[in-house]
Amino acid sequence: MALGLLLVRLLMVAAVVAGGLPRRADAGGLAVGFYNKSCPQAEDLALAEMRDIVEKDKTLAPALLRFMFHDCFVRGCDGSIMLVSRNGTGERDALPSHGLRGYGEIERIKAKLEQACPLTVSCADIIVMAARDAVYLSDGPRYAVETGRRDGKVSAAFDANNDVPPPSSNIVDLKTYFSVKSLGWKDLVVLSGSHTIGWTQCSTFAGDRLYNYSGRGVQDPSLNKKYAADLRQACEAGVPDDETVVAMDPVSPYTFDLAYYHDVYNDTGLFLSDQALLDDQWTREYVAQMAAAASPDEYFRDYAVAMTNMGRIEVLTGDSGEIRKVCGAYVD
Ligand code: HEM
């Protein structure tokens with residue numbers, strides 16, 4: 001084999017071992033402490049609001065963590081998930097946004113920051129800070145967030161339908177959805193661990209996993225039998241149930257811990273997309289390693305890196321985009 005080709009192959013293997021595919025090494029105009037001069041109290045004020053929000057309703061912590069995923073995967077982390085389409089064709093109206101909560105809470109934090117520092121802190125950054133604080137307030141790590149994003153002005157349901165992976169995704173689909181956003185297998189397996197907190201509706205998974213796996217009218221054979229029996233009790237067959245919710249990690253749904261990896265490793269991950277992490281050598285090894293880990297420290301470090309990577313997706317910085325007064329502005 002020619003030396004050049006060998007070198008390329010070695011580099012590719014190194015990239016896979018390191019967690020995937022080409023990533024931008026720089027923060028693309030973002031910086032930790034971007035508001036240190038213009039609004040030094042921004043992060044403290046946001047945390048204080050989040051504390052109050054989560055104290056009143058603990059289910060809003062997972063909701064606001066998921067919110068960042070949906071903002072960042074659709075046209076980048078630009079706050080466009082907040083925009084309201086007059087004709088019902090915005091990101092909010094798309095199928096993947098179904099069940100998304102947190103719009104009012106992001107607006108509430110924005111109002112607080114507008115009082116303190118008018119037209120300074122973007123909605124996109126508030127979403128990223130709220131997700132970080134949601135993890136922290138669920139006993140997870142508190143990592144430093146990069147800020148300096150500006151807000152986009154476009155919101156299209158089409159983009160959300162295209163770019164948010166559905167829970168029925170297999171491992172090839174998942175890796176593709178992530179690599180399109182410059183995220184690798186490690187980001188995928190680490191960020192999927194966010195499903196260690198939160199709830200979902202029966203309608204999201206009951207078909208795929210309990211009653212009509214692969215369109216064959218049967219239960220998913222890879223799902224743990226005892227767990228499946230419990231889920232069948234909660235989610236009745238043949239009822240398109242948007243009302244009943246089940247915890248995605250039944251052991252500790254309010255605590256950001258390693259339980260997700262125990263669940264997935266023991267075939268009690270809820271979605272096909274969770275179970276699918278066992279179908280790839282690298283993600284499977286990571287699941288096994290975290291399921292056996294005595295402490296969450298390494299996972300928490302990995303999580304901070306992966307969230308930072310997700311927070312860099314297609315950001316608007318410098319003179320691009322805008323800083324809005326209200327996040328949920330109307331667009332056509
Ligand atoms: C890997 C691909 C992913 C898929 C297919 C996926 C899919 C889903 C689905 C279908 C729900 C349930 C929504 C509902 O029933 O209302 C959900 C909930 C959730 N997702 Fe994901 N997700 C993925 C990645 C992520 C990422 C990257 C994060 C955060 C960084 C995340 C955080 C959450 C959280 C915290 C919840 C619970 C929300 C709540 O309790 O309100 N997910 N996810």
# chains A, B, ... in the order shown; residues from 1 in each chain; ligands from 1

$ residues_around --residues "range 186-196 of chain A" --least-positions-apart "6" --cutoff "7 Å" --atoms "only C-alpha atoms" --output "PDB file with all heavy atoms, in the first residue's frame"
ATOM      1  N   GLY A  19     -13.838   9.397  18.281  1.00  0.00           N
ATOM      2  CA  GLY A  19     -15.236   9.759  18.493  1.00  0.00           C
ATOM      3  C   GLY A  19     -15.935  10.182  17.236  1.00  0.00           C
ATOM      4  O   GLY A  19     -17.021  10.715  17.274  1.00  0.00           O
ATOM      5  N   GLY A  20     -15.360   9.979  16.092  1.00  0.00           N
ATOM      6  CA  GLY A  20     -16.104  10.195  14.915  1.00  0.00           C
ATOM      7  C   GLY A  20     -15.470  11.066  13.921  1.00  0.00           C
ATOM      8  O   GLY A  20     -14.290  11.032  13.730  1.00  0.00           O
ATOM      9  N   PHE A 178     -26.439  12.581  12.773  1.00  0.00           N
ATOM     10  CA  PHE A 178     -25.436  13.301  13.576  1.00  0.00           C
ATOM     11  C   PHE A 178     -24.285  13.794  12.709  1.00  0.00           C
ATOM     12  O   PHE A 178     -23.809  14.909  12.877  1.00  0.00           O
ATOM     13  CB  PHE A 178     -24.943  12.430  14.739  1.00  0.00           C
ATOM     14  CG  PHE A 178     -25.802  12.550  15.965  1.00  0.00           C
ATOM     15  CD1 PHE A 178     -27.153  12.202  15.924  1.00  0.00           C
ATOM     16  CD2 PHE A 178     -25.299  13.048  17.160  1.00  0.00           C
ATOM     17  CE1 PHE A 178     -27.973  12.341  17.046  1.00  0.00           C
ATOM     18  CE2 PHE A 178     -26.104  13.200  18.287  1.00  0.00           C
ATOM     19  CZ  PHE A 178     -27.448  12.830  18.226  1.00  0.00           C
ATOM     20  N   MET A 248     -38.534   7.678  30.768  1.00  0.00           N
ATOM     21  CA  MET A 248     -37.607   7.031  29.845  1.00  0.00           C
ATOM     22  C   MET A 248     -36.561   6.217  30.616  1.00  0.00           C
ATOM     23  O   MET A 248     -36.047   5.245  30.113  1.00  0.00           O
ATOM     24  CB  MET A 248     -36.970   8.073  28.944  1.00  0.00           C
ATOM     25  CG  MET A 248     -38.036   8.674  28.027  1.00  0.00           C
ATOM     26  SD  MET A 248     -37.355   9.560  26.658  1.00  0.00           S
ATOM     27  CE  MET A 248     -36.573  10.867  27.514  1.00  0.00           C
ATOM     28  N   ASP A 249     -36.262   6.639  31.832  1.00  0.00           N
ATOM     29  CA  ASP A 249     -35.449   5.807  32.726  1.00  0.00           C
ATOM     30  C   ASP A 249     -36.289   5.577  33.979  1.00  0.00           C
ATOM     31  O   ASP A 249     -36.354   6.441  34.847  1.00  0.00           O
ATOM     32  CB  ASP A 249     -34.137   6.527  33.085  1.00  0.00           C
ATOM     33  CG  ASP A 249     -33.495   5.912  34.315  1.00  0.00           C
ATOM     34  OD1 ASP A 249     -33.753   4.723  34.576  1.00  0.00           O
ATOM     35  OD2 ASP A 249     -32.744   6.619  35.010  1.00  0.00           O
ATOM     36  N   PRO A 253     -35.913   8.924  37.023  1.00  0.00           N
ATOM     37  CA  PRO A 253     -36.245   9.833  35.918  1.00  0.00           C
ATOM     38  C   PRO A 253     -35.944  11.299  36.170  1.00  0.00           C
ATOM     39  O   PRO A 253     -35.962  12.096  35.233  1.00  0.00           O
ATOM     40  CB  PRO A 253     -37.750   9.612  35.723  1.00  0.00           C
ATOM     41  CG  PRO A 253     -38.242   9.054  37.000  1.00  0.00           C
ATOM     42  CD  PRO A 253     -37.110   8.282  37.598  1.00  0.00           C
ATOM     43  N   PHE A 256     -29.884  12.983  36.721  1.00  0.00           N
ATOM     44  CA  PHE A 256     -28.963  12.848  35.593  1.00  0.00           C
ATOM     45  C   PHE A 256     -27.809  11.941  36.047  1.00  0.00           C
ATOM     46  O   PHE A 256     -26.887  12.391  36.724  1.00  0.00           O
ATOM     47  CB  PHE A 256     -28.459  14.225  35.168  1.00  0.00           C
ATOM     48  CG  PHE A 256     -27.770  14.202  33.841  1.00  0.00           C
ATOM     49  CD1 PHE A 256     -28.476  14.466  32.677  1.00  0.00           C
ATOM     50  CD2 PHE A 256     -26.432  13.901  33.739  1.00  0.00           C
ATOM     51  CE1 PHE A 256     -27.848  14.429  31.438  1.00  0.00           C
ATOM     52  CE2 PHE A 256     -25.786  13.864  32.513  1.00  0.00           C
ATOM     53  CZ  PHE A 256     -26.504  14.131  31.355  1.00  0.00           C
ATOM     54  N   ASP A 257     -27.902  10.666  35.671  1.00  0.00           N
ATOM     55  CA  ASP A 257     -26.913   9.695  36.156  1.00  0.00           C
ATOM     56  C   ASP A 257     -26.606   8.675  35.049  1.00  0.00           C
ATOM     57  O   ASP A 257     -26.967   8.896  33.894  1.00  0.00           O
ATOM     58  CB  ASP A 257     -27.440   9.001  37.422  1.00  0.00           C
ATOM     59  CG  ASP A 257     -28.822   8.370  37.179  1.00  0.00           C
ATOM     60  OD1 ASP A 257     -29.213   8.199  36.006  1.00  0.00           O
ATOM     61  OD2 ASP A 257     -29.506   8.049  38.172  1.00  0.00           O
ATOM     62  N   ALA A 259     -27.837   5.718  34.812  1.00  0.00           N
ATOM     63  CA  ALA A 259     -28.883   4.681  34.720  1.00  0.00           C
ATOM     64  C   ALA A 259     -29.282   4.398  33.267  1.00  0.00           C
ATOM     65  O   ALA A 259     -29.608   3.261  32.915  1.00  0.00           O
ATOM     66  CB  ALA A 259     -30.095   5.085  35.541  1.00  0.00           C
ATOM     67  N   TYR A 260     -29.227   5.440  32.419  1.00  0.00           N
ATOM     68  CA  TYR A 260     -29.585   5.229  31.004  1.00  0.00           C
ATOM     69  C   TYR A 260     -28.749   4.098  30.405  1.00  0.00           C
ATOM     70  O   TYR A 260     -29.257   3.254  29.669  1.00  0.00           O
ATOM     71  CB  TYR A 260     -29.357   6.519  30.220  1.00  0.00           C
ATOM     72  CG  TYR A 260     -29.509   6.358  28.718  1.00  0.00           C
ATOM     73  CD1 TYR A 260     -30.765   6.368  28.125  1.00  0.00           C
ATOM     74  CD2 TYR A 260     -28.393   6.203  27.891  1.00  0.00           C
ATOM     75  CE1 TYR A 260     -30.910   6.231  26.751  1.00  0.00           C
ATOM     76  CE2 TYR A 260     -28.528   6.067  26.517  1.00  0.00           C
ATOM     77  CZ  TYR A 260     -29.782   6.076  25.950  1.00  0.00           C
ATOM     78  OH  TYR A 260     -29.924   5.936  24.586  1.00  0.00           O
ATOM     79  N   LEU A 277     -28.093   1.688  19.903  1.00  0.00           N
ATOM     80  CA  LEU A 277     -26.701   1.977  20.291  1.00  0.00           C
ATOM     81  C   LEU A 277     -25.922   0.685  20.548  1.00  0.00           C
ATOM     82  O   LEU A 277     -24.694   0.695  20.602  1.00  0.00           O
ATOM     83  CB  LEU A 277     -26.672   2.873  21.537  1.00  0.00           C
ATOM     84  CG  LEU A 277     -27.298   4.261  21.352  1.00  0.00           C
ATOM     85  CD1 LEU A 277     -27.331   5.020  22.666  1.00  0.00           C
ATOM     86  CD2 LEU A 277     -26.537   5.072  20.293  1.00  0.00           C
ATOM     87  N   THR A 283     -20.312   2.426  19.761  1.00  0.00           N
ATOM     88  CA  THR A 283     -21.337   2.915  20.692  1.00  0.00           C
ATOM     89  C   THR A 283     -21.658   1.819  21.722  1.00  0.00           C
ATOM     90  O   THR A 283     -21.887   2.103  22.892  1.00  0.00           O
ATOM     91  CB  THR A 283     -22.614   3.369  19.947  1.00  0.00           C
ATOM     92  OG1 THR A 283     -23.081   2.322  19.105  1.00  0.00           O
ATOM     93  CG2 THR A 283     -22.341   4.598  19.097  1.00  0.00           C
ATOM     94  N   ASP A 302     -17.331  13.736  29.414  1.00  0.00           N
ATOM     95  CA  ASP A 302     -17.704  13.498  28.013  1.00  0.00           C
ATOM     96  C   ASP A 302     -18.943  14.308  27.650  1.00  0.00           C
ATOM     97  O   ASP A 302     -19.076  14.805  26.522  1.00  0.00           O
ATOM     98  CB  ASP A 302     -18.006  12.005  27.774  1.00  0.00           C
ATOM     99  CG  ASP A 302     -16.746  11.144  27.818  1.00  0.00           C
ATOM    100  OD1 ASP A 302     -15.638  11.701  27.721  1.00  0.00           O
ATOM    101  OD2 ASP A 302     -16.877   9.910  27.955  1.00  0.00           O
ATOM    102  N   TYR A 303     -19.854  14.414  28.592  1.00  0.00           N
ATOM    103  CA  TYR A 303     -21.110  15.124  28.316  1.00  0.00           C
ATOM    104  C   TYR A 303     -20.850  16.601  28.055  1.00  0.00           C
ATOM    105  O   TYR A 303     -21.418  17.189  27.124  1.00  0.00           O
ATOM    106  CB  TYR A 303     -22.080  14.936  29.491  1.00  0.00           C
ATOM    107  CG  TYR A 303     -23.501  15.307  29.120  1.00  0.00           C
ATOM    108  CD1 TYR A 303     -24.280  14.459  28.345  1.00  0.00           C
ATOM    109  CD2 TYR A 303     -24.057  16.500  29.541  1.00  0.00           C
ATOM    110  CE1 TYR A 303     -25.580  14.800  27.979  1.00  0.00           C
ATOM    111  CE2 TYR A 303     -25.351  16.852  29.185  1.00  0.00           C
ATOM    112  CZ  TYR A 303     -26.111  15.993  28.406  1.00  0.00           C
ATOM    113  OH  TYR A 303     -27.389  16.343  28.045  1.00  0.00           O
ATOM    114  N   ALA A 306     -19.525  16.881  24.549  1.00  0.00           N
ATOM    115  CA  ALA A 306     -20.533  16.622  23.514  1.00  0.00           C
ATOM    116  C   ALA A 306     -21.558  17.761  23.449  1.00  0.00           C
ATOM    117  O   ALA A 306     -21.997  18.155  22.360  1.00  0.00           O
ATOM    118  CB  ALA A 306     -21.229  15.282  23.764  1.00  0.00           C
TER     119      ALA A 306
END

$ residues_near_ligand --ligand "ligand 1" --cutoff "6 Å" --atoms "only C-alpha atoms and all ligand atoms" --output "list in words"
Pro62, Ala63, Leu65, Arg66, Phe69, Gly99, Leu100, Pro165, Pro166, Pro167, Leu188, Leu191, Ser192, Ser194, His195, Ile197, Gly198, Trp199, Thr200, Gln201, Thr204 and Ser273 of chain A

$ write_last_selection --atoms "N, CA and C atoms" --output "PDB file, in the first residue's frame"
ATOM      1  N   PRO A  62     -35.960  18.131  32.132  1.00  0.00           N
ATOM      2  CA  PRO A  62     -35.756  17.382  30.878  1.00  0.00           C
ATOM      3  C   PRO A  62     -36.334  18.093  29.659  1.00  0.00           C
ATOM      4  N   ALA A  63     -37.470  18.756  29.845  1.00  0.00           N
ATOM      5  CA  ALA A  63     -38.074  19.433  28.692  1.00  0.00           C
ATOM      6  C   ALA A  63     -37.111  20.471  28.120  1.00  0.00           C
ATOM      7  N   LEU A  65     -33.862  20.553  28.463  1.00  0.00           N
ATOM      8  CA  LEU A  65     -32.665  19.919  27.887  1.00  0.00           C
ATOM      9  C   LEU A  65     -32.969  19.494  26.442  1.00  0.00           C
ATOM     10  N   ARG A  66     -34.119  18.866  26.270  1.00  0.00           N
ATOM     11  CA  ARG A  66     -34.521  18.446  24.908  1.00  0.00           C
ATOM     12  C   ARG A  66     -34.659  19.654  23.973  1.00  0.00           C
ATOM     13  N   PHE A  69     -31.573  20.445  21.988  1.00  0.00           N
ATOM     14  CA  PHE A  69     -31.372  19.482  20.892  1.00  0.00           C
ATOM     15  C   PHE A  69     -32.190  19.902  19.668  1.00  0.00           C
ATOM     16  N   GLY A  99     -44.970  17.715  21.463  1.00  0.00           N
ATOM     17  CA  GLY A  99     -44.629  17.392  22.859  1.00  0.00           C
ATOM     18  C   GLY A  99     -43.485  18.230  23.411  1.00  0.00           C
ATOM     19  N   LEU A 100     -42.881  19.053  22.571  1.00  0.00           N
ATOM     20  CA  LEU A 100     -41.783  19.904  23.046  1.00  0.00           C
ATOM     21  C   LEU A 100     -42.347  20.950  24.009  1.00  0.00           C
ATOM     22  N   PRO A 165     -33.836  13.378  14.212  1.00  0.00           N
ATOM     23  CA  PRO A 165     -33.994  11.930  14.031  1.00  0.00           C
ATOM     24  C   PRO A 165     -35.250  11.413  14.742  1.00  0.00           C
ATOM     25  N   PRO A 166     -36.031  10.556  14.107  1.00  0.00           N
ATOM     26  CA  PRO A 166     -37.193   9.984  14.781  1.00  0.00           C
ATOM     27  C   PRO A 166     -36.771   8.859  15.742  1.00  0.00           C
ATOM     28  N   PRO A 167     -37.612   8.529  16.723  1.00  0.00           N
ATOM     29  CA  PRO A 167     -37.237   7.501  17.697  1.00  0.00           C
ATOM     30  C   PRO A 167     -37.174   6.101  17.091  1.00  0.00           C
ATOM     31  N   LEU A 188     -23.044  11.054  19.615  1.00  0.00           N
ATOM     32  CA  LEU A 188     -24.334  10.355  19.562  1.00  0.00           C
ATOM     33  C   LEU A 188     -24.578   9.547  20.838  1.00  0.00           C
ATOM     34  N   LEU A 191     -24.699  11.986  24.020  1.00  0.00           N
ATOM     35  CA  LEU A 191     -25.893  12.849  24.108  1.00  0.00           C
ATOM     36  C   LEU A 191     -27.170  12.030  24.268  1.00  0.00           C
ATOM     37  N   SER A 192     -27.180  10.807  23.726  1.00  0.00           N
ATOM     38  CA  SER A 192     -28.358   9.958  23.926  1.00  0.00           C
ATOM     39  C   SER A 192     -28.583   9.695  25.411  1.00  0.00           C
ATOM     40  N   SER A 194     -28.843  11.699  27.560  1.00  0.00           N
ATOM     41  CA  SER A 194     -29.797  12.693  28.079  1.00  0.00           C
ATOM     42  C   SER A 194     -31.129  12.023  28.407  1.00  0.00           C
ATOM     43  N   HIS A 195     -31.399  10.879  27.776  1.00  0.00           N
ATOM     44  CA  HIS A 195     -32.654  10.169  28.042  1.00  0.00           C
ATOM     45  C   HIS A 195     -32.637   9.501  29.416  1.00  0.00           C
ATOM     46  N   ILE A 197     -33.080  11.328  31.911  1.00  0.00           N
ATOM     47  CA  ILE A 197     -34.152  12.085  32.575  1.00  0.00           C
ATOM     48  C   ILE A 197     -35.289  12.302  31.579  1.00  0.00           C
ATOM     49  N   GLY A 198     -36.477  12.360  32.102  1.00  0.00           N
ATOM     50  CA  GLY A 198     -37.604  12.773  31.264  1.00  0.00           C
ATOM     51  C   GLY A 198     -38.623  11.689  30.970  1.00  0.00           C
ATOM     52  N   TRP A 199     -39.631  12.114  30.250  1.00  0.00           N
ATOM     53  CA  TRP A 199     -40.809  11.282  29.996  1.00  0.00           C
ATOM     54  C   TRP A 199     -41.161  11.318  28.520  1.00  0.00           C
ATOM     55  N   THR A 200     -41.925  10.316  28.123  1.00  0.00           N
ATOM     56  CA  THR A 200     -42.437  10.332  26.759  1.00  0.00           C
ATOM     57  C   THR A 200     -43.862   9.796  26.736  1.00  0.00           C
ATOM     58  N   GLN A 201     -44.547  10.116  25.644  1.00  0.00           N
ATOM     59  CA  GLN A 201     -45.921   9.652  25.522  1.00  0.00           C
ATOM     60  C   GLN A 201     -45.933   8.245  24.935  1.00  0.00           C
ATOM     61  N   THR A 204     -45.376   7.605  21.255  1.00  0.00           N
ATOM     62  CA  THR A 204     -44.056   7.752  20.644  1.00  0.00           C
ATOM     63  C   THR A 204     -43.366   6.404  20.391  1.00  0.00           C
ATOM     64  N   SER A 273     -34.207   3.878  18.916  1.00  0.00           N
ATOM     65  CA  SER A 273     -32.951   4.619  18.763  1.00  0.00           C
ATOM     66  C   SER A 273     -32.027   4.427  19.969  1.00  0.00           C
TER      67      SER A 273
END

$ closest_residue --among "A:Ala292, A:Val246, A:Ser168, A:Ala94" --to "Gly215 in chain A" --atoms "only C-alpha atoms"
A:Ser168

$ closest_residue --among "A:Val245, A:Leu113, A:Asp267, A:Leu47" --to "Arg142 in chain A" --atoms "only C-alpha atoms"
A:Leu47

$ residues_around --residues "Ala157 in chain A" --least-positions-apart "4" --cutoff "10 Å" --atoms "only C-alpha atoms" --output "PyMOL selection string"
chain A and resi 74+81+85+88-97+161-162

$ write_last_selection --atoms "C-alpha atoms" --output "PDB file, in the first residue's frame"
ATOM      1  CA  VAL A  74     -32.653  22.498  12.989  1.00  0.00           C
ATOM      2  CA  ILE A  81     -37.402  26.968  17.432  1.00  0.00           C
ATOM      3  CA  SER A  85     -45.163  31.025  12.091  1.00  0.00           C
ATOM      4  CA  GLY A  88     -48.451  27.183  10.818  1.00  0.00           C
ATOM      5  CA  THR A  89     -45.417  26.117   8.810  1.00  0.00           C
ATOM      6  CA  GLY A  90     -42.664  26.825  11.332  1.00  0.00           C
ATOM      7  CA  GLU A  91     -40.367  24.499  13.289  1.00  0.00           C
ATOM      8  CA  ARG A  92     -42.822  24.519  16.181  1.00  0.00           C
ATOM      9  CA  ASP A  93     -45.519  23.104  13.921  1.00  0.00           C
ATOM     10  CA  ALA A  94     -43.456  20.167  12.670  1.00  0.00           C
ATOM     11  CA  LEU A  95     -44.104  16.603  13.831  1.00  0.00           C
ATOM     12  CA  PRO A  96     -40.757  16.251  15.669  1.00  0.00           C
ATOM     13  CA  SER A  97     -41.645  19.293  17.805  1.00  0.00           C
ATOM     14  CA  ASN A 161     -38.950  17.146   9.617  1.00  0.00           C
ATOM     15  CA  ASN A 162     -35.671  16.542   7.798  1.00  0.00           C
TER      16      ASN A 162
END

$ atom_distance --atom1 "CA of Val128 in chain A" --atom2 "CA of Val331 in chain A"
22.3 Å

$ residues_around --residues "Lys56 in chain A" --least-positions-apart "6" --cutoff "12 Å" --atoms "only C-alpha atoms" --output "list in words"
Glu49, Met50 and Glu105 of chain A

$ atom_distance --atom1 "CA of Phe271 in chain A" --atom2 "CA of Gly140 in chain A"
22.3 Å

$ closest_residue --among "A:Thr255, A:Thr244, A:Gln281, A:Ser138" --to "Cys202 in chain A" --atoms "only C-alpha atoms"
A:Thr244

$ closest_residue --among "A:Gly321, A:Gly207, A:Gly184, A:Pro141" --to "Gln219 in chain A" --atoms "only C-alpha atoms"
A:Gly207

$ select_by_dssp --residues "range 126-193 of chain A" --states "helix (DSSP H, G or I)" --output "number ranges by chain"
A: 126-136, 157-163, 171-180, 185-193

$ write_last_selection --atoms "N, CA and C atoms" --output "tab-separated table (two decimals), in the first residue's frame"
chain	number	residue	atom	x	y	z
A	126	ILE	N	-29.66	31.68	25.45
A	126	ILE	CA	-30.51	31.37	26.62
A	126	ILE	C	-30.92	29.89	26.58
A	127	ILE	N	-31.21	29.39	25.39
A	127	ILE	CA	-31.58	27.97	25.26
A	127	ILE	C	-30.43	27.07	25.69
A	128	VAL	N	-29.21	27.44	25.31
A	128	VAL	CA	-28.03	26.65	25.67
A	128	VAL	C	-27.76	26.72	27.18
A	129	MET	N	-27.91	27.91	27.75
A	129	MET	CA	-27.71	28.05	29.21
A	129	MET	C	-28.77	27.27	29.98
A	130	ALA	N	-30.01	27.35	29.49
A	130	ALA	CA	-31.11	26.66	30.19
A	130	ALA	C	-30.88	25.15	30.18
A	131	ALA	N	-30.38	24.62	29.06
A	131	ALA	CA	-30.11	23.18	28.97
A	131	ALA	C	-29.00	22.80	29.96
A	132	ARG	N	-27.97	23.61	30.01
A	132	ARG	CA	-26.87	23.34	30.94
A	132	ARG	C	-27.40	23.34	32.38
A	133	ASP	N	-28.24	24.35	32.70
A	133	ASP	CA	-28.75	24.43	34.07
A	133	ASP	C	-29.75	23.31	34.37
A	134	ALA	N	-30.46	22.86	33.33
A	134	ALA	CA	-31.40	21.74	33.52
A	134	ALA	C	-30.64	20.50	33.96
A	135	VAL	N	-29.50	20.27	33.35
A	135	VAL	CA	-28.67	19.11	33.70
A	135	VAL	C	-28.14	19.27	35.13
A	136	TYR	N	-27.64	20.45	35.43
A	136	TYR	CA	-27.08	20.73	36.76
A	136	TYR	C	-28.15	20.56	37.84
A	157	ALA	N	-40.95	24.21	9.07
A	157	ALA	CA	-41.28	22.85	9.52
A	157	ALA	C	-40.49	21.82	8.71
A	158	PHE	N	-40.30	22.14	7.46
A	158	PHE	CA	-39.59	21.25	6.54
A	158	PHE	C	-38.21	20.87	7.13
A	159	ASP	N	-37.49	21.87	7.65
A	159	ASP	CA	-36.15	21.60	8.21
A	159	ASP	C	-36.22	20.67	9.42
A	160	ALA	N	-37.22	20.93	10.27
A	160	ALA	CA	-37.35	20.08	11.46
A	160	ALA	C	-37.68	18.65	11.04
A	161	ASN	N	-38.58	18.50	10.07
A	161	ASN	CA	-38.95	17.15	9.62
A	161	ASN	C	-37.74	16.41	9.06
A	162	ASN	N	-36.85	17.15	8.42
A	162	ASN	CA	-35.67	16.54	7.80
A	162	ASN	C	-34.56	16.21	8.77
A	163	ASP	N	-34.37	17.07	9.77
A	163	ASP	CA	-33.11	17.02	10.52
A	163	ASP	C	-33.19	16.43	11.92
A	171	ILE	N	-29.19	2.44	13.82
A	171	ILE	CA	-27.88	3.03	14.13
A	171	ILE	C	-27.28	3.74	12.91
A	172	VAL	N	-27.55	3.21	11.72
A	172	VAL	CA	-26.99	3.85	10.51
A	172	VAL	C	-27.65	5.22	10.34
A	173	ASP	N	-28.98	5.25	10.50
A	173	ASP	CA	-29.69	6.54	10.38
A	173	ASP	C	-29.16	7.53	11.43
A	174	LEU	N	-29.04	7.05	12.65
A	174	LEU	CA	-28.62	7.97	13.73
A	174	LEU	C	-27.26	8.57	13.43
A	175	LYS	N	-26.33	7.71	13.00
A	175	LYS	CA	-24.99	8.23	12.73
A	175	LYS	C	-25.02	9.22	11.57
A	176	THR	N	-25.92	8.99	10.63
A	176	THR	CA	-26.04	9.93	9.51
A	176	THR	C	-26.62	11.26	9.97
A	177	TYR	N	-27.72	11.20	10.73
A	177	TYR	CA	-28.32	12.45	11.24
A	177	TYR	C	-27.28	13.27	12.00
A	178	PHE	N	-26.44	12.58	12.77
A	178	PHE	CA	-25.44	13.30	13.58
A	178	PHE	C	-24.29	13.79	12.71
A	179	SER	N	-23.83	12.96	11.78
A	179	SER	CA	-22.65	13.39	11.01
A	179	SER	C	-22.98	14.56	10.10
A	180	VAL	N	-24.25	14.66	9.65
A	180	VAL	CA	-24.66	15.82	8.86
A	180	VAL	C	-24.46	17.10	9.67
A	185	TRP	N	-19.79	9.50	16.38
A	185	TRP	CA	-20.47	8.44	17.14
A	185	TRP	C	-20.42	8.71	18.63
A	186	LYS	N	-19.33	9.35	19.08
A	186	LYS	CA	-19.23	9.56	20.53
A	186	LYS	C	-20.24	10.61	20.99
A	187	ASP	N	-20.41	11.66	20.18
A	187	ASP	CA	-21.45	12.64	20.52
A	187	ASP	C	-22.81	11.95	20.58
A	188	LEU	N	-23.04	11.05	19.61
A	188	LEU	CA	-24.33	10.35	19.56
A	188	LEU	C	-24.58	9.55	20.84
A	189	VAL	N	-23.59	8.73	21.21
A	189	VAL	CA	-23.84	7.84	22.36
A	189	VAL	C	-23.85	8.63	23.67
A	190	VAL	N	-23.06	9.69	23.74
A	190	VAL	CA	-23.01	10.50	24.98
A	190	VAL	C	-24.29	11.34	25.11
A	191	LEU	N	-24.70	11.99	24.02
A	191	LEU	CA	-25.89	12.85	24.11
A	191	LEU	C	-27.17	12.03	24.27
A	192	SER	N	-27.18	10.81	23.73
A	192	SER	CA	-28.36	9.96	23.93
A	192	SER	C	-28.58	9.70	25.41
A	193	GLY	N	-27.50	9.77	26.18
A	193	GLY	CA	-27.60	9.59	27.63
A	193	GLY	C	-28.48	10.64	28.30

$ select_by_dssp --residues "range 178-296 of chain A" --states "strand (DSSP E or B)" --output "list of chain:residue names"
A:Trp199, A:Thr200, A:Gln201, A:Val245, A:Val246, A:Ala247

$ residues_around --residues "range 220-225 of chain A" --least-positions-apart "6" --cutoff "7 Å" --atoms "only C-alpha atoms" --output "number ranges by chain"
A: 209-210, 213, 267-268

$ closest_residue --among "A:Ala237, A:Ala124, A:Leu64, A:Val84" --to "Thr317 in chain A" --atoms "only C-alpha atoms"
A:Ala124
